[in-house]
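One structure is given here, and the rest of the page talks about it.
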Amino acid sequence: MDTTARRTLLQKKIAERGSMLVAFSGGVDSSLLAVLAREALGDNSRCVLLDSPVVPREAIDEARRIARDYGLTLDILPVAVMDDERFTKNPTDRCSWCKKNSVVVLKRRAGELGFSCVADGINVSDTGEHRPGLTASTKEGIIHPFLDAGLTKSDIREIARAGGYSFWDKPSAACLSSRIPYGDAITGEKLAMVERAEAFLHDNGLRQVRVRVHGTVARIEVPKEEMRALLDMHAAVAGTLRGLGFSYVTLDLEGYRSGSMDEVLAAGPQENLIE
């Protein structure tokens, strides 16, 4: 199936819903879903970005910009994930508890609007990763149009690129809690340290960055092709991150990879995510 056919199939599945509330982050997946929902459903589509300390401020600013550029109606609503110890204690299924709290807010907003469904940007590529949040959201009735259409992350990027959407090559992002090893408590202080460290690195030209927290050690992941640029400014990076509260600043020689904190898990890829 070519890109045009994939897009047509996706729009058909969106249109069949009649109305749709999109769980929006400003990433390539939810942005494409939101734009196509707007095209297919008009005013019967809307976006909600859930705001909490695990979401970087720069991500919220970028989501607002994308919504403005593409005529999306965006609500930014708070979700109190930090009040739930099942999340902040940071078990391996922390994402399921975050998702359960998030779904309450999303469903409430969909009900207020009289919309038929809440949809997210989960796609086929996500099903090969540790994604307890996907299992939880599916059980709570959140729909996954990209999964329904059999689309992978690369399919989504190609549809967005072919459509001329500016976000087609936007780097992957993840909530700030993914920077903290399982079993280490998630605190506002740790999240703020990560957010400020990554913002500094972004401001200095590094697009794809993760600052993982191991006690007082910052383990920086960047793509291997960007390591030289990071090393060229090592003094500024070390000084800035120490100023944020880190005692040691390290570079991960394996480079950036999505979900590196999951590498310690004994379990393999999730199965039976969709029931």
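The way I read the labels, and the way they are meant: chains A, B, ... in the order of the structure tokens, residue 1 as the first residue of every chain, and ligand 1 as the first ligand shown, with later ones counted on from there.
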Legend entry - alpha helix (DSSP H) residues, from DSSP on the backbone, in range 20-177 of chain A, as a PyMOL selection string: chain A and resi 28-41+57-69+85-88+94-113+132-139+145-148+153-162
Legend entry - Contact residues around range 259-266 of chain A with only C-alpha atoms at 12 Å, ignoring same-chain residues under 2 positions, as a VMD selection string: chain A and resid 90 to 93 126 128 to 132 172 to 184 210 to 214 219 to 222 252 254 to 257 268 to 270
Inset, instruction - Mind the document's chain letters and residue numbers, and return as number ranges by chain the residues of range 44-228 of chain A that DSSP labels strand (DSSP E or B). - result: A: 45-51, 74-78, 118-119, 143, 210-214, 217-221
Restricted to N, CA and C atoms, what would the selected residues look like written as an mmCIF file, in the first residue's frame?
```
data_model
loop_
_atom_site.group_PDB
_atom_site.id
_atom_site.type_symbol
_atom_site.label_atom_id
_atom_site.label_comp_id
_atom_site.auth_asym_id
_atom_site.auth_seq_id
_atom_site.Cartn_x
_atom_site.Cartn_y
_atom_site.Cartn_z
ATOM 1 N N SER A 45 -13.975 17.714 15.926
ATOM 2 C CA SER A 45 -12.694 17.233 16.439
ATOM 3 C C SER A 45 -12.113 18.297 17.358
ATOM 4 N N ARG A 46 -11.334 17.855 18.313
ATOM 5 C CA ARG A 46 -10.714 18.768 19.265
ATOM 6 C C ARG A 46 -9.499 18.072 19.870
ATOM 7 N N CYS A 47 -8.544 18.849 20.342
ATOM 8 C CA CYS A 47 -7.341 18.292 20.950
ATOM 9 C C CYS A 47 -7.277 18.649 22.430
ATOM 10 N N VAL A 48 -6.740 17.728 23.217
ATOM 11 C CA VAL A 48 -6.478 17.997 24.635
ATOM 12 C C VAL A 48 -5.046 17.604 24.939
ATOM 13 N N LEU A 49 -4.299 18.538 25.498
ATOM 14 C CA LEU A 49 -2.971 18.262 26.011
ATOM 15 C C LEU A 49 -3.076 18.223 27.526
ATOM 16 N N LEU A 50 -2.609 17.143 28.134
ATOM 17 C CA LEU A 50 -2.676 16.989 29.578
ATOM 18 C C LEU A 50 -1.390 17.510 30.202
ATOM 19 N N ASP A 51 -1.533 18.480 31.073
ATOM 20 C CA ASP A 51 -0.392 19.169 31.666
ATOM 21 C C ASP A 51 -0.106 18.638 33.067
ATOM 22 N N LEU A 74 -7.326 23.551 20.718
ATOM 23 C CA LEU A 74 -6.547 22.866 21.751
ATOM 24 C C LEU A 74 -6.957 23.314 23.142
ATOM 25 N N ASP A 75 -7.264 22.327 23.976
ATOM 26 C CA ASP A 75 -7.464 22.555 25.405
ATOM 27 C C ASP A 75 -6.249 22.013 26.139
ATOM 28 N N ILE A 76 -5.759 22.750 27.124
ATOM 29 C CA ILE A 76 -4.687 22.273 27.988
ATOM 30 C C ILE A 76 -5.272 22.103 29.382
ATOM 31 N N LEU A 77 -5.327 20.851 29.835
ATOM 32 C CA LEU A 77 -5.997 20.523 31.087
ATOM 33 C C LEU A 77 -5.022 19.850 32.053
ATOM 34 N N PRO A 78 -5.128 20.152 33.340
ATOM 35 C CA PRO A 78 -4.224 19.529 34.315
ATOM 36 C C PRO A 78 -4.627 18.100 34.636
ATOM 37 N N VAL A 118 -12.318 9.044 22.365
ATOM 38 C CA VAL A 118 -11.011 9.649 22.621
ATOM 39 C C VAL A 118 -9.984 8.803 21.875
ATOM 40 N N ALA A 119 -9.096 9.447 21.131
ATOM 41 C CA ALA A 119 -8.115 8.732 20.314
ATOM 42 C C ALA A 119 -6.706 9.206 20.638
ATOM 43 N N ILE A 143 -9.238 4.728 21.716
ATOM 44 C CA ILE A 143 -9.036 4.099 20.414
ATOM 45 C C ILE A 143 -7.693 4.513 19.816
ATOM 46 N N ARG A 210 18.402 12.731 25.704
ATOM 47 C CA ARG A 210 17.829 12.244 26.953
ATOM 48 C C ARG A 210 18.867 12.435 28.052
ATOM 49 N N VAL A 211 18.440 12.986 29.172
ATOM 50 C CA VAL A 211 19.287 13.066 30.358
ATOM 51 C C VAL A 211 18.683 12.124 31.393
ATOM 52 N N ARG A 212 19.318 10.967 31.571
ATOM 53 C CA ARG A 212 18.829 9.956 32.504
ATOM 54 C C ARG A 212 19.445 10.207 33.880
ATOM 55 N N VAL A 213 18.645 10.022 34.924
ATOM 56 C CA VAL A 213 19.068 10.322 36.282
ATOM 57 C C VAL A 213 19.396 9.035 37.041
ATOM 58 N N HIS A 214 20.627 8.907 37.474
ATOM 59 C CA HIS A 214 21.050 7.763 38.291
ATOM 60 C C HIS A 214 21.625 8.316 39.593
ATOM 61 N N VAL A 217 24.056 11.214 39.323
ATOM 62 C CA VAL A 217 24.755 11.102 38.039
ATOM 63 C C VAL A 217 23.787 11.383 36.892
ATOM 64 N N ALA A 218 24.192 12.231 35.969
ATOM 65 C CA ALA A 218 23.432 12.479 34.746
ATOM 66 C C ALA A 218 24.068 11.671 33.620
ATOM 67 N N ARG A 219 23.290 10.767 33.027
ATOM 68 C CA ARG A 219 23.761 9.974 31.886
ATOM 69 C C ARG A 219 23.102 10.538 30.631
ATOM 70 N N ILE A 220 23.892 11.187 29.788
ATOM 71 C CA ILE A 220 23.364 11.864 28.606
ATOM 72 C C ILE A 220 23.389 10.921 27.411
ATOM 73 N N GLU A 221 22.249 10.828 26.749
ATOM 74 C CA GLU A 221 22.166 10.077 25.499
ATOM 75 C C GLU A 221 21.914 11.045 24.349
#
```
